[in-house]
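So this one's start-v1.pdb, PDB, C-alpha atoms, pLDDT in the B column:
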```pdb
ATOM      1  CA  GLU A  12     -77.174  -9.356  38.106  1.00 42.00           C
ATOM      2  CA  ASN A  13     -75.463  -9.510  34.713  1.00 45.00           C
ATOM      3  CA  LYS A  14     -76.531 -12.648  32.865  1.00 48.00           C
ATOM      4  CA  GLY A  15     -75.130 -11.966  29.416  1.00 52.00           C
ATOM      5  CA  TRP A  16     -72.067 -10.391  27.800  1.00 47.00           C
ATOM      6  CA  TYR A  17     -74.260  -7.659  26.323  1.00 51.00           C
ATOM      7  CA  ASN A  18     -74.821  -6.245  29.840  1.00 53.00           C
ATOM      8  CA  TYR A  19     -71.145  -5.544  30.411  1.00 51.00           C
ATOM      9  CA  GLY A  20     -69.698  -2.071  30.182  1.00 56.00           C
ATOM     10  CA  SER A  21     -65.961  -1.486  30.511  1.00 59.00           C
ATOM     11  CA  GLU A  22     -65.292  -4.888  32.091  1.00 63.00           C
ATOM     12  CA  ILE A  23     -64.706  -7.835  29.767  1.00 59.00           C
ATOM     13  CA  PRO A  24     -66.215 -11.150  30.923  1.00 61.00           C
ATOM     14  CA  ASP A  25     -64.079 -14.286  31.192  1.00 62.00           C
ATOM     15  CA  LYS A  26     -65.740 -15.788  28.147  1.00 69.00           C
ATOM     16  CA  THR A  27     -65.337 -13.480  25.146  1.00 80.00           C
ATOM     17  CA  THR A  28     -66.940 -15.709  22.529  1.00 84.00           C
ATOM     18  CA  THR A  29     -70.552 -16.608  21.977  1.00 86.00           C
ATOM     19  CA  GLU A  30     -72.417 -18.832  19.535  1.00 89.00           C
ATOM     20  CA  ILE A  31     -75.088 -17.415  17.248  1.00 88.00           C
ATOM     21  CA  VAL A  32     -77.213 -18.741  14.391  1.00 92.00           C
ATOM     22  CA  GLY A  33     -77.783 -16.890  11.113  1.00 91.00           C
ATOM     23  CA  ASN A  34     -79.589 -18.338   8.092  1.00 91.00           C
ATOM     24  CA  ASP A  35     -79.523 -21.757   9.799  1.00 93.00           C
ATOM     25  CA  ILE A  36     -75.719 -21.594  10.115  1.00 95.00           C
ATOM     26  CA  LYS A  37     -73.869 -21.636  13.451  1.00 95.00           C
ATOM     27  CA  TYR A  38     -71.099 -19.130  14.164  1.00 92.00           C
ATOM     28  CA  ILE A  39     -68.619 -18.727  16.995  1.00 91.00           C
ATOM     29  CA  VAL A  40     -68.318 -14.962  17.454  1.00 87.00           C
ATOM     30  CA  ASP A  41     -65.219 -13.529  19.125  1.00 82.00           C
ATOM     31  CA  PHE A  42     -66.496 -10.130  20.220  1.00 75.00           C
ATOM     32  CA  GLU A  43     -63.246  -9.109  21.941  1.00 71.00           C
ATOM     33  CA  ASN A  44     -60.586 -10.071  19.390  1.00 70.00           C
ATOM     34  CA  GLY A  45     -62.658 -10.274  16.188  1.00 67.00           C
ATOM     35  CA  GLN A  46     -63.035  -7.433  13.689  1.00 67.00           C
ATOM     36  CA  LYS A  47     -65.293  -4.697  15.099  1.00 65.00           C
ATOM     37  CA  THR A  48     -68.116  -6.581  16.899  1.00 67.00           C
ATOM     38  CA  GLY A  49     -66.818  -9.947  15.677  1.00 65.00           C
ATOM     39  CA  PHE A  50     -69.628 -10.474  13.162  1.00 77.00           C
ATOM     40  CA  PHE A  51     -71.393  -8.439  10.470  1.00 78.00           C
ATOM     41  CA  LEU A  52     -75.165  -8.742  10.700  1.00 83.00           C
ATOM     42  CA  ASP A  53     -75.994  -6.331   7.880  1.00 82.00           C
ATOM     43  CA  GLN A  54     -75.363  -8.839   5.063  1.00 92.00           C
ATOM     44  CA  LYS A  55     -77.882 -11.441   6.299  1.00 94.00           C
ATOM     45  CA  TYR A  56     -80.282 -11.316   3.349  1.00 95.00           C
ATOM     46  CA  ASN A  57     -77.526 -10.721   0.815  1.00 96.00           C
ATOM     47  CA  ARG A  58     -75.969 -14.003   1.952  1.00 96.00           C
ATOM     48  CA  LEU A  59     -79.294 -15.707   1.284  1.00 96.00           C
ATOM     49  CA  ALA A  60     -79.322 -14.203  -2.215  1.00 96.00           C
ATOM     50  CA  VAL A  61     -75.908 -15.760  -2.857  1.00 97.00           C
ATOM     51  CA  LYS A  62     -77.100 -19.073  -1.466  1.00 97.00           C
ATOM     52  CA  ASP A  63     -79.947 -19.116  -3.999  1.00 97.00           C
ATOM     53  CA  ILE A  64     -77.667 -19.020  -7.060  1.00 97.00           C
ATOM     54  CA  CYS A  65     -74.748 -21.226  -5.951  1.00 96.00           C
ATOM     55  CA  HIS A  66     -76.030 -24.725  -6.736  1.00 98.00           C
ATOM     56  CA  GLY A  67     -73.395 -26.665  -8.651  1.00 98.00           C
ATOM     57  CA  LEU A  68     -71.015 -23.687  -8.921  1.00 98.00           C
ATOM     58  CA  THR A  69     -67.361 -23.210  -7.981  1.00 98.00           C
ATOM     59  CA  VAL A  70     -67.176 -20.227  -5.608  1.00 98.00           C
ATOM     60  CA  LEU A  71     -64.406 -17.916  -4.380  1.00 98.00           C
ATOM     61  CA  ASP A  72     -65.283 -15.840  -1.311  1.00 98.00           C
ATOM     62  CA  CYS A  73     -62.827 -12.931  -0.989  1.00 97.00           C
ATOM     63  CA  CYS A  74     -62.463 -11.292   2.455  1.00 95.00           C
ATOM     64  CA  THR A  75     -64.334 -14.215   3.971  1.00 96.00           C
ATOM     65  CA  HIS A  76     -63.817 -13.018   7.581  1.00 93.00           C
ATOM     66  CA  THR A  77     -65.923 -15.506   9.619  1.00 93.00           C
ATOM     67  CA  GLY A  78     -66.779 -17.501   6.495  1.00 96.00           C
ATOM     68  CA  SER A  79     -70.375 -16.316   6.255  1.00 96.00           C
ATOM     69  CA  PHE A  80     -70.764 -15.946   2.479  1.00 97.00           C
ATOM     70  CA  ALA A  81     -68.722 -19.112   1.934  1.00 98.00           C
ATOM     71  CA  MET A  82     -70.970 -21.163   4.210  1.00 98.00           C
ATOM     72  CA  ASN A  83     -74.167 -19.818   2.657  1.00 98.00           C
ATOM     73  CA  ALA A  84     -72.764 -20.771  -0.754  1.00 98.00           C
ATOM     74  CA  TYR A  85     -71.936 -24.250   0.538  1.00 98.00           C
ATOM     75  CA  LEU A  86     -75.431 -24.609   1.994  1.00 98.00           C
ATOM     76  CA  GLY A  87     -76.808 -23.560  -1.382  1.00 98.00           C
ATOM     77  CA  GLY A  88     -75.217 -26.590  -3.023  1.00 98.00           C
ATOM     78  CA  ALA A  89     -71.999 -25.127  -4.421  1.00 98.00           C
ATOM     79  CA  LYS A  90     -69.733 -27.751  -5.962  1.00 98.00           C
ATOM     80  CA  ARG A  91     -66.589 -26.218  -4.430  1.00 98.00           C
ATOM     81  CA  VAL A  92     -66.046 -23.229  -2.132  1.00 98.00           C
ATOM     82  CA  VAL A  93     -62.744 -21.461  -1.417  1.00 98.00           C
ATOM     83  CA  ALA A  94     -62.612 -18.906   1.418  1.00 98.00           C
ATOM     84  CA  LEU A  95     -59.910 -16.250   0.980  1.00 98.00           C
ATOM     85  CA  ASP A  96     -58.683 -13.718   3.523  1.00 97.00           C
ATOM     86  CA  VAL A  97     -55.481 -11.778   4.140  1.00 96.00           C
ATOM     87  CA  SER A  98     -55.858 -12.329   7.902  1.00 94.00           C
ATOM     88  CA  ALA A  99     -54.640 -15.656   9.280  1.00 94.00           C
ATOM     89  CA  LYS A 100     -56.650 -14.972  12.455  1.00 91.00           C
ATOM     90  CA  ALA A 101     -59.843 -14.521  10.421  1.00 92.00           C
ATOM     91  CA  LEU A 102     -59.224 -17.796   8.598  1.00 95.00           C
ATOM     92  CA  GLU A 103     -58.671 -19.651  11.866  1.00 94.00           C
ATOM     93  CA  ASP A 104     -62.030 -18.329  13.088  1.00 93.00           C
ATOM     94  CA  ALA A 105     -63.646 -19.282   9.778  1.00 95.00           C
ATOM     95  CA  LYS A 106     -62.226 -22.814  10.006  1.00 97.00           C
ATOM     96  CA  LYS A 107     -63.840 -23.214  13.440  1.00 96.00           C
ATOM     97  CA  ASN A 108     -67.180 -22.215  11.926  1.00 97.00           C
ATOM     98  CA  PHE A 109     -66.728 -24.616   9.008  1.00 98.00           C
ATOM     99  CA  ALA A 110     -66.022 -27.445  11.463  1.00 98.00           C
ATOM    100  CA  LEU A 111     -68.967 -26.444  13.650  1.00 97.00           C
ATOM    101  CA  ASN A 112     -71.267 -26.816  10.636  1.00 98.00           C
ATOM    102  CA  ASN A 113     -69.511 -29.876   9.139  1.00 98.00           C
ATOM    103  CA  MET A 114     -68.726 -28.035   5.909  1.00 98.00           C
ATOM    104  CA  ASN A 115     -65.871 -28.972   3.602  1.00 98.00           C
ATOM    105  CA  ILE A 116     -64.671 -25.506   2.594  1.00 98.00           C
ATOM    106  CA  GLU A 117     -61.119 -24.768   1.433  1.00 98.00           C
ATOM    107  CA  THR A 118     -59.189 -21.798   2.805  1.00 98.00           C
ATOM    108  CA  LYS A 119     -56.490 -19.613   1.283  1.00 98.00           C
ATOM    109  CA  CYS A 120     -54.499 -16.869   3.033  1.00 98.00           C
ATOM    110  CA  GLY A 121     -53.525 -13.996   0.780  1.00 97.00           C
ATOM    111  CA  ASP A 122     -54.220 -10.489  -0.480  1.00 97.00           C
ATOM    112  CA  MET A 123     -57.251 -10.570  -2.800  1.00 97.00           C
ATOM    113  CA  PHE A 124     -55.683  -8.144  -5.286  1.00 97.00           C
ATOM    114  CA  GLU A 125     -52.575 -10.331  -5.586  1.00 97.00           C
ATOM    115  CA  VAL A 126     -54.508 -13.605  -5.737  1.00 97.00           C
ATOM    116  CA  LEU A 127     -56.874 -12.325  -8.434  1.00 98.00           C
ATOM    117  CA  GLU A 128     -53.970 -10.787 -10.377  1.00 97.00           C
ATOM    118  CA  GLU A 129     -52.166 -14.150 -10.360  1.00 97.00           C
ATOM    119  CA  MET A 130     -55.319 -15.836 -11.650  1.00 97.00           C
ATOM    120  CA  VAL A 131     -55.661 -13.284 -14.460  1.00 97.00           C
ATOM    121  CA  GLN A 132     -52.001 -13.543 -15.453  1.00 96.00           C
ATOM    122  CA  SER A 133     -52.113 -17.349 -15.498  1.00 96.00           C
ATOM    123  CA  LYS A 134     -55.413 -17.245 -17.408  1.00 91.00           C
ATOM    124  CA  GLN A 135     -57.002 -19.476 -14.767  1.00 83.00           C
ATOM    125  CA  LYS A 136     -60.777 -19.437 -14.994  1.00 93.00           C
ATOM    126  CA  GLU A 137     -61.819 -21.935 -12.372  1.00 95.00           C
ATOM    127  CA  TYR A 138     -64.568 -19.954 -10.625  1.00 98.00           C
ATOM    128  CA  ASP A 139     -68.200 -19.563 -11.660  1.00 98.00           C
ATOM    129  CA  LEU A 140     -68.900 -17.040  -8.889  1.00 98.00           C
ATOM    130  CA  ILE A 141     -66.596 -14.589  -7.113  1.00 98.00           C
ATOM    131  CA  ILE A 142     -67.672 -12.659  -4.014  1.00 98.00           C
ATOM    132  CA  LEU A 143     -66.041  -9.307  -3.183  1.00 98.00           C
ATOM    133  CA  ASP A 144     -66.941  -8.049   0.294  1.00 94.00           C
ATOM    134  CA  PRO A 145     -63.923  -5.956   1.342  1.00 91.00           C
ATOM    135  CA  PRO A 146     -63.578  -3.631   4.304  1.00 84.00           C
ATOM    136  CA  ALA A 147     -64.170   0.054   3.649  1.00 78.00           C
ATOM    137  CA  PHE A 148     -61.644   1.497   1.191  1.00 80.00           C
ATOM    138  CA  THR A 149     -62.096   5.025   2.529  1.00 73.00           C
ATOM    139  CA  LYS A 150     -63.172   6.545   5.822  1.00 72.00           C
ATOM    140  CA  ASN A 151     -62.929  10.205   4.841  1.00 71.00           C
ATOM    141  CA  ARG A 152     -63.849  12.411   1.876  1.00 74.00           C
ATOM    142  CA  SER A 153     -60.275  13.271   0.944  1.00 76.00           C
ATOM    143  CA  THR A 154     -59.480   9.727  -0.216  1.00 79.00           C
ATOM    144  CA  ILE A 155     -62.645   9.007  -2.229  1.00 81.00           C
ATOM    145  CA  GLY A 156     -60.759   9.243  -5.536  1.00 85.00           C
ATOM    146  CA  SER A 157     -58.164   6.615  -4.653  1.00 86.00           C
ATOM    147  CA  ALA A 158     -60.841   4.433  -3.058  1.00 86.00           C
ATOM    148  CA  MET A 159     -62.907   4.382  -6.242  1.00 89.00           C
ATOM    149  CA  LYS A 160     -59.825   3.464  -8.270  1.00 94.00           C
ATOM    150  CA  GLY A 161     -59.345   0.591  -5.824  1.00 94.00           C
ATOM    151  CA  TYR A 162     -62.924  -0.623  -6.313  1.00 94.00           C
ATOM    152  CA  GLU A 163     -62.531  -0.328 -10.077  1.00 96.00           C
ATOM    153  CA  GLU A 164     -59.313  -2.374 -10.102  1.00 97.00           C
ATOM    154  CA  LEU A 165     -60.685  -5.032  -7.745  1.00 97.00           C
ATOM    155  CA  ASN A 166     -63.846  -5.528  -9.796  1.00 98.00           C
ATOM    156  CA  TYR A 167     -61.832  -5.540 -13.024  1.00 98.00           C
ATOM    157  CA  LEU A 168     -59.597  -8.339 -11.744  1.00 98.00           C
ATOM    158  CA  ALA A 169     -62.586 -10.383 -10.580  1.00 98.00           C
ATOM    159  CA  MET A 170     -64.335  -9.950 -13.947  1.00 98.00           C
ATOM    160  CA  LYS A 171     -61.208 -11.072 -15.791  1.00 97.00           C
ATOM    161  CA  ALA A 172     -60.780 -14.059 -13.469  1.00 97.00           C
ATOM    162  CA  LEU A 173     -64.379 -15.266 -13.798  1.00 98.00           C
ATOM    163  CA  LYS A 174     -65.498 -17.913 -16.244  1.00 97.00           C
ATOM    164  CA  ARG A 175     -67.522 -16.599 -19.175  1.00 93.00           C
ATOM    165  CA  GLY A 176     -71.100 -16.068 -18.025  1.00 94.00           C
ATOM    166  CA  GLY A 177     -70.031 -16.162 -14.377  1.00 97.00           C
ATOM    167  CA  TYR A 178     -71.544 -14.330 -11.424  1.00 98.00           C
ATOM    168  CA  LEU A 179     -69.867 -11.358  -9.743  1.00 98.00           C
ATOM    169  CA  VAL A 180     -71.077 -10.505  -6.253  1.00 98.00           C
ATOM    170  CA  THR A 181     -69.608  -7.169  -5.210  1.00 97.00           C
ATOM    171  CA  ALA A 182     -70.144  -4.916  -2.209  1.00 95.00           C
ATOM    172  CA  SER A 183     -68.931  -1.634  -0.744  1.00 92.00           C
ATOM    173  CA  CYS A 184     -69.362  -0.560   2.872  1.00 90.00           C
ATOM    174  CA  SER A 185     -67.624   2.812   2.426  1.00 83.00           C
ATOM    175  CA  HIS A 186     -70.338   5.334   3.239  1.00 77.00           C
ATOM    176  CA  PHE A 187     -68.365   8.111   1.499  1.00 79.00           C
ATOM    177  CA  ALA A 188     -68.541   6.043  -1.703  1.00 81.00           C
ATOM    178  CA  SER A 189     -72.112   6.665  -2.842  1.00 87.00           C
ATOM    179  CA  GLN A 190     -74.109   4.110  -4.784  1.00 89.00           C
ATOM    180  CA  GLU A 191     -73.605   6.214  -7.921  1.00 92.00           C
ATOM    181  CA  LEU A 192     -69.825   6.284  -7.488  1.00 92.00           C
ATOM    182  CA  PHE A 193     -69.730   2.531  -6.765  1.00 93.00           C
ATOM    183  CA  ARG A 194     -71.799   1.727  -9.853  1.00 96.00           C
ATOM    184  CA  GLU A 195     -69.558   3.977 -11.931  1.00 96.00           C
ATOM    185  CA  ALA A 196     -66.474   2.093 -10.696  1.00 96.00           C
ATOM    186  CA  ILE A 197     -68.062  -1.249 -11.603  1.00 97.00           C
ATOM    187  CA  PHE A 198     -69.059   0.061 -15.044  1.00 97.00           C
ATOM    188  CA  LYS A 199     -65.529   1.325 -15.732  1.00 98.00           C
ATOM    189  CA  ALA A 200     -64.184  -2.060 -14.655  1.00 98.00           C
ATOM    190  CA  ALA A 201     -66.517  -3.796 -17.107  1.00 98.00           C
ATOM    191  CA  LEU A 202     -65.392  -1.559 -19.978  1.00 98.00           C
ATOM    192  CA  LYS A 203     -61.755  -2.259 -19.139  1.00 98.00           C
ATOM    193  CA  ALA A 204     -62.401  -6.006 -18.880  1.00 97.00           C
ATOM    194  CA  ASN A 205     -64.475  -5.960 -22.084  1.00 97.00           C
ATOM    195  CA  VAL A 206     -67.435  -7.746 -20.508  1.00 96.00           C
ATOM    196  CA  ASN A 207     -71.179  -7.120 -20.574  1.00 96.00           C
ATOM    197  CA  LEU A 208     -73.005  -6.800 -17.286  1.00 96.00           C
ATOM    198  CA  LYS A 209     -76.483  -8.106 -16.501  1.00 97.00           C
ATOM    199  CA  GLU A 210     -77.762  -7.037 -13.093  1.00 96.00           C
ATOM    200  CA  ILE A 211     -79.706  -9.707 -11.241  1.00 95.00           C
ATOM    201  CA  MET A 212     -80.256  -7.710  -8.063  1.00 95.00           C
ATOM    202  CA  SER A 213     -78.962  -4.840  -5.995  1.00 94.00           C
ATOM    203  CA  SER A 214     -79.617  -4.086  -2.342  1.00 94.00           C
ATOM    204  CA  GLY A 215     -78.215  -2.569   0.811  1.00 89.00           C
ATOM    205  CA  ALA A 216     -78.099  -3.542   4.449  1.00 81.00           C
ATOM    206  CA  SER A 217     -80.594  -5.808   6.201  1.00 86.00           C
ATOM    207  CA  PHE A 218     -83.947  -4.428   7.319  1.00 88.00           C
ATOM    208  CA  ASP A 219     -82.717  -3.927  10.875  1.00 88.00           C
ATOM    209  CA  HIS A 220     -80.160  -1.407   9.565  1.00 88.00           C
ATOM    210  CA  PRO A 221     -82.635   1.231   8.298  1.00 91.00           C
ATOM    211  CA  VAL A 222     -81.584   4.284   6.312  1.00 89.00           C
ATOM    212  CA  LEU A 223     -82.274   7.534   8.147  1.00 90.00           C
ATOM    213  CA  TRP A 224     -83.262  10.112   5.540  1.00 92.00           C
ATOM    214  CA  GLY A 225     -81.046  13.157   5.760  1.00 90.00           C
ATOM    215  CA  VAL A 226     -78.176  11.158   7.296  1.00 87.00           C
ATOM    216  CA  GLY A 227     -76.189   9.850   4.347  1.00 81.00           C
ATOM    217  CA  GLU A 228     -73.855   7.782   6.536  1.00 83.00           C
ATOM    218  CA  THR A 229     -76.679   5.322   7.238  1.00 87.00           C
ATOM    219  CA  GLU A 230     -76.885   4.366   3.551  1.00 85.00           C
ATOM    220  CA  TYR A 231     -73.389   2.910   3.627  1.00 87.00           C
ATOM    221  CA  LEU A 232     -73.742  -0.613   2.199  1.00 92.00           C
ATOM    222  CA  HIS A 233     -74.085  -1.185  -1.541  1.00 93.00           C
ATOM    223  CA  PHE A 234     -74.447  -4.775  -2.732  1.00 96.00           C
TER     224      PHE A 234
END
```

Written as structure tokens, how would this file's structure read?
Amino acid sequence: ENKGWYNYGSEIPDKTTTEIVGNDIKYIVDFENGQKTGFFLDQKYNRLAVKDICHGLTVLDCCTHTGSFAMNAYLGGAKRVVALDVSAKALEDAKKNFALNNMNIETKCGDMFEVLEEMVQSKQKEYDLIILDPPAFTKNRSTIGSAMKGYEELNYLAMKALKRGGYLVTASCSHFASQELFREAIFKAALKANVNLKEIMSSGASFDHPVLWGVGETEYLHF
């Protein structure tokens, strides 16, 4: 007898959402209509790292998806948190999670490149910490060049939009974009933005997403 959605094969059960808990935060996961599996487990400890440095800060969470980084920042004592996503569906799901956890988090629907560009052009510097956790910019080797230019531009805009001395949290889940290429893109962005970088930490996926030596695709997340 099937007692859980995880036992189903090709048939979809009547209830296609489930509630989980991660880092003491509740989530409603839509595993049929949400992105991929409906939730990304590989950033668990990276979210805790963000939580540890957010006390009293104003935070912008780009590509918030289910609101996970935003809620960890809120739980860490952030003064104000804004969750940004280009997907209205993702924001509706995030709002449900915010309500489930009684968190007062603002939402904004828009393209992160455009939103950050507007902030740079208007010389707004309202955020102490900006989180960049976009979907993969490339899924094949032939587009690595354009993908790295995209990472460079995104990080440049975030650096220019940040308050002086602010925190930049940036990630790449494109396994074709190696750690070396990602770091190079960030460094080029810093030169263009005329800012100095101090690295507090770097990591990858959670411990339950181990890297299989000899299989480069498993070392896909750079944070």

Query raised in the report: If you measure from CA of Tyr231 in chain A to CA of Ile142 in chain A, what distance in Å do you get, rounded to one decimal?
Result: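 Separation of CA of Tyr231 in chain A and CA of Ile142 in chain A: 18.3 Å.
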
Box in all listed atoms of range 117-127 of chain A, axis-aligned, with 5 Å more on each side; write out centre and edge lengths in Å to one decimal as JSON.
```
{"center_x": -56.8, "center_y": -16.5, "center_z": -2.7, "size_x": 18.5, "size_y": 26.6, "size_z": 21.5}
```

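Candidate residues A:Asp96, A:Glu128, A:Asp122, A:Glu230 were compared for distance to Ala188 in chain A, and the nearest is A:Glu230, using only C-alpha atoms.
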
**Report entry** Non-local contacts of Val70 in chain A (9 Å; all atoms listed in the file; under 5 positions in same chain excluded) as a list of chain:residue names
**Finding:**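 Near neighbours after the sequence-gap exclusion: A:Cys65, A:Ala81, A:Ala84, A:Tyr85, A:Ala89, A:Lys90, A:Arg91, A:Val92, A:Val93, A:Ala94, A:Glu137, A:Tyr138, A:Asp139, A:Leu140, A:Ile141, A:Ile142.
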
The PyMOL selection byres ((chain A and resi 50) around 12) resolved against shown file, as a CSV table (one decimal) with C-alpha atoms, in the frame of the given file:
```csv
chain,number,residue,atom,x,y,z
A,28,THR,CA,-66.9,-15.7,22.5
A,29,THR,CA,-70.6,-16.6,22.0
A,30,GLU,CA,-72.4,-18.8,19.5
A,31,ILE,CA,-75.1,-17.4,17.2
A,32,VAL,CA,-77.2,-18.7,14.4
A,33,GLY,CA,-77.8,-16.9,11.1
A,37,LYS,CA,-73.9,-21.6,13.5
A,38,TYR,CA,-71.1,-19.1,14.2
A,39,ILE,CA,-68.6,-18.7,17.0
A,40,VAL,CA,-68.3,-15.0,17.5
A,41,ASP,CA,-65.2,-13.5,19.1
A,42,PHE,CA,-66.5,-10.1,20.2
A,43,GLU,CA,-63.2,-9.1,21.9
A,44,ASN,CA,-60.6,-10.1,19.4
A,45,GLY,CA,-62.7,-10.3,16.2
A,46,GLN,CA,-63.0,-7.4,13.7
A,47,LYS,CA,-65.3,-4.7,15.1
A,48,THR,CA,-68.1,-6.6,16.9
A,49,GLY,CA,-66.8,-9.9,15.7
A,51,PHE,CA,-71.4,-8.4,10.5
A,52,LEU,CA,-75.2,-8.7,10.7
A,53,ASP,CA,-76.0,-6.3,7.9
A,54,GLN,CA,-75.4,-8.8,5.1
A,55,LYS,CA,-77.9,-11.4,6.3
A,75,THR,CA,-64.3,-14.2,4.0
A,76,HIS,CA,-63.8,-13.0,7.6
A,77,THR,CA,-65.9,-15.5,9.6
A,78,GLY,CA,-66.8,-17.5,6.5
A,79,SER,CA,-70.4,-16.3,6.3
A,101,ALA,CA,-59.8,-14.5,10.4
A,104,ASP,CA,-62.0,-18.3,13.1
A,105,ALA,CA,-63.6,-19.3,9.8
```

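Considering the residues A:Thr229, A:Asn207, A:Ser133, A:Ile197 and counting only C-alpha atoms, Lys160 in chain A has its shortest atom-to-atom contact with A:Ile197.
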
Report task. Please measure the separation of CA of Glu103 in chain A and CA of Lys62 in chain A, giving the value in Å to one decimal. Result -> 22.8 Å

Query - Point-to-point distance from CA of Ser185 in chain A to CA of Ala169 in chain A, Å rounded to tenths - result: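 Spanning CA of Ser185 in chain A to CA of Ala169 in chain A is a straight-line distance of 19.2 Å.
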
Query - Polymer residues at most 9 Å from Phe187 in chain A, only C-alpha atoms, same-chain spacing of 4 or more positions, as a PyMOL selection string - result: chain A and resi 149-152+155+227-228+231

Residues of the last selection are to be written out with C-alpha atoms, as a short mmCIF file (atom, residue, chain, number, x, y, z; two decimals), in the coordinates of the input.
```cif
data_model
loop_
_atom_site.label_atom_id
_atom_site.label_comp_id
_atom_site.auth_asym_id
_atom_site.auth_seq_id
_atom_site.Cartn_x
_atom_site.Cartn_y
_atom_site.Cartn_z
CA THR A 149 -62.10 5.03 2.53
CA LYS A 150 -63.17 6.54 5.82
CA ASN A 151 -62.93 10.20 4.84
CA ARG A 152 -63.85 12.41 1.88
CA ILE A 155 -62.64 9.01 -2.23
CA GLY A 227 -76.19 9.85 4.35
CA GLU A 228 -73.86 7.78 6.54
CA TYR A 231 -73.39 2.91 3.63
#
```

Starting from the incomplete input, reconstruct N, CA and C atoms of range 47-61 of chain A and write that as a PDB file, in the frame of the given file.
```
ATOM      1  N   LYS A  47     -64.164  -5.485  14.586  1.00 65.00           N
ATOM      2  CA  LYS A  47     -65.293  -4.697  15.099  1.00 65.00           C
ATOM      3  C   LYS A  47     -66.060  -5.487  16.163  1.00 65.00           C
ATOM      4  N   THR A  48     -67.330  -5.844  15.901  1.00 67.00           N
ATOM      5  CA  THR A  48     -68.116  -6.581  16.899  1.00 67.00           C
ATOM      6  C   THR A  48     -67.865  -8.087  16.830  1.00 67.00           C
ATOM      7  N   GLY A  49     -67.077  -8.522  15.846  1.00 65.00           N
ATOM      8  CA  GLY A  49     -66.818  -9.947  15.677  1.00 65.00           C
ATOM      9  C   GLY A  49     -67.682 -10.596  14.619  1.00 65.00           C
ATOM     10  N   PHE A  50     -68.759  -9.919  14.194  1.00 77.00           N
ATOM     11  CA  PHE A  50     -69.628 -10.474  13.162  1.00 77.00           C
ATOM     12  C   PHE A  50     -70.405  -9.335  12.513  1.00 77.00           C
ATOM     13  N   PHE A  51     -70.667  -9.473  11.208  1.00 78.00           N
ATOM     14  CA  PHE A  51     -71.393  -8.439  10.470  1.00 78.00           C
ATOM     15  C   PHE A  51     -72.810  -8.930  10.155  1.00 78.00           C
ATOM     16  N   LEU A  52     -73.765  -8.326  10.820  1.00 83.00           N
ATOM     17  CA  LEU A  52     -75.165  -8.742  10.700  1.00 83.00           C
ATOM     18  C   LEU A  52     -75.861  -8.133   9.485  1.00 83.00           C
ATOM     19  N   ASP A  53     -75.276  -7.091   8.914  1.00 82.00           N
ATOM     20  CA  ASP A  53     -75.994  -6.331   7.880  1.00 82.00           C
ATOM     21  C   ASP A  53     -76.081  -7.042   6.534  1.00 82.00           C
ATOM     22  N   GLN A  54     -75.336  -8.128   6.347  1.00 92.00           N
ATOM     23  CA  GLN A  54     -75.363  -8.839   5.063  1.00 92.00           C
ATOM     24  C   GLN A  54     -76.258 -10.086   5.105  1.00 92.00           C
ATOM     25  N   LYS A  55     -77.083 -10.219   6.111  1.00 94.00           N
ATOM     26  CA  LYS A  55     -77.882 -11.441   6.299  1.00 94.00           C
ATOM     27  C   LYS A  55     -78.646 -11.856   5.043  1.00 94.00           C
ATOM     28  N   TYR A  56     -79.433 -10.955   4.488  1.00 95.00           N
ATOM     29  CA  TYR A  56     -80.282 -11.316   3.349  1.00 95.00           C
ATOM     30  C   TYR A  56     -79.487 -11.374   2.045  1.00 95.00           C
ATOM     31  N   ASN A  57     -78.387 -10.634   1.982  1.00 96.00           N
ATOM     32  CA  ASN A  57     -77.526 -10.721   0.815  1.00 96.00           C
ATOM     33  C   ASN A  57     -76.843 -12.087   0.757  1.00 96.00           C
ATOM     34  N   ARG A  58     -76.537 -12.648   1.912  1.00 96.00           N
ATOM     35  CA  ARG A  58     -75.969 -14.003   1.952  1.00 96.00           C
ATOM     36  C   ARG A  58     -76.987 -15.026   1.451  1.00 96.00           C
ATOM     37  N   LEU A  59     -78.248 -14.807   1.785  1.00 96.00           N
ATOM     38  CA  LEU A  59     -79.294 -15.707   1.284  1.00 96.00           C
ATOM     39  C   LEU A  59     -79.420 -15.596  -0.231  1.00 96.00           C
ATOM     40  N   ALA A  60     -79.252 -14.392  -0.765  1.00 96.00           N
ATOM     41  CA  ALA A  60     -79.322 -14.203  -2.215  1.00 96.00           C
ATOM     42  C   ALA A  60     -78.209 -14.983  -2.908  1.00 96.00           C
ATOM     43  N   VAL A  61     -77.022 -14.983  -2.310  1.00 97.00           N
ATOM     44  CA  VAL A  61     -75.908 -15.760  -2.857  1.00 97.00           C
ATOM     45  C   VAL A  61     -76.213 -17.246  -2.774  1.00 97.00           C
TER      46      VAL A  61
END
```
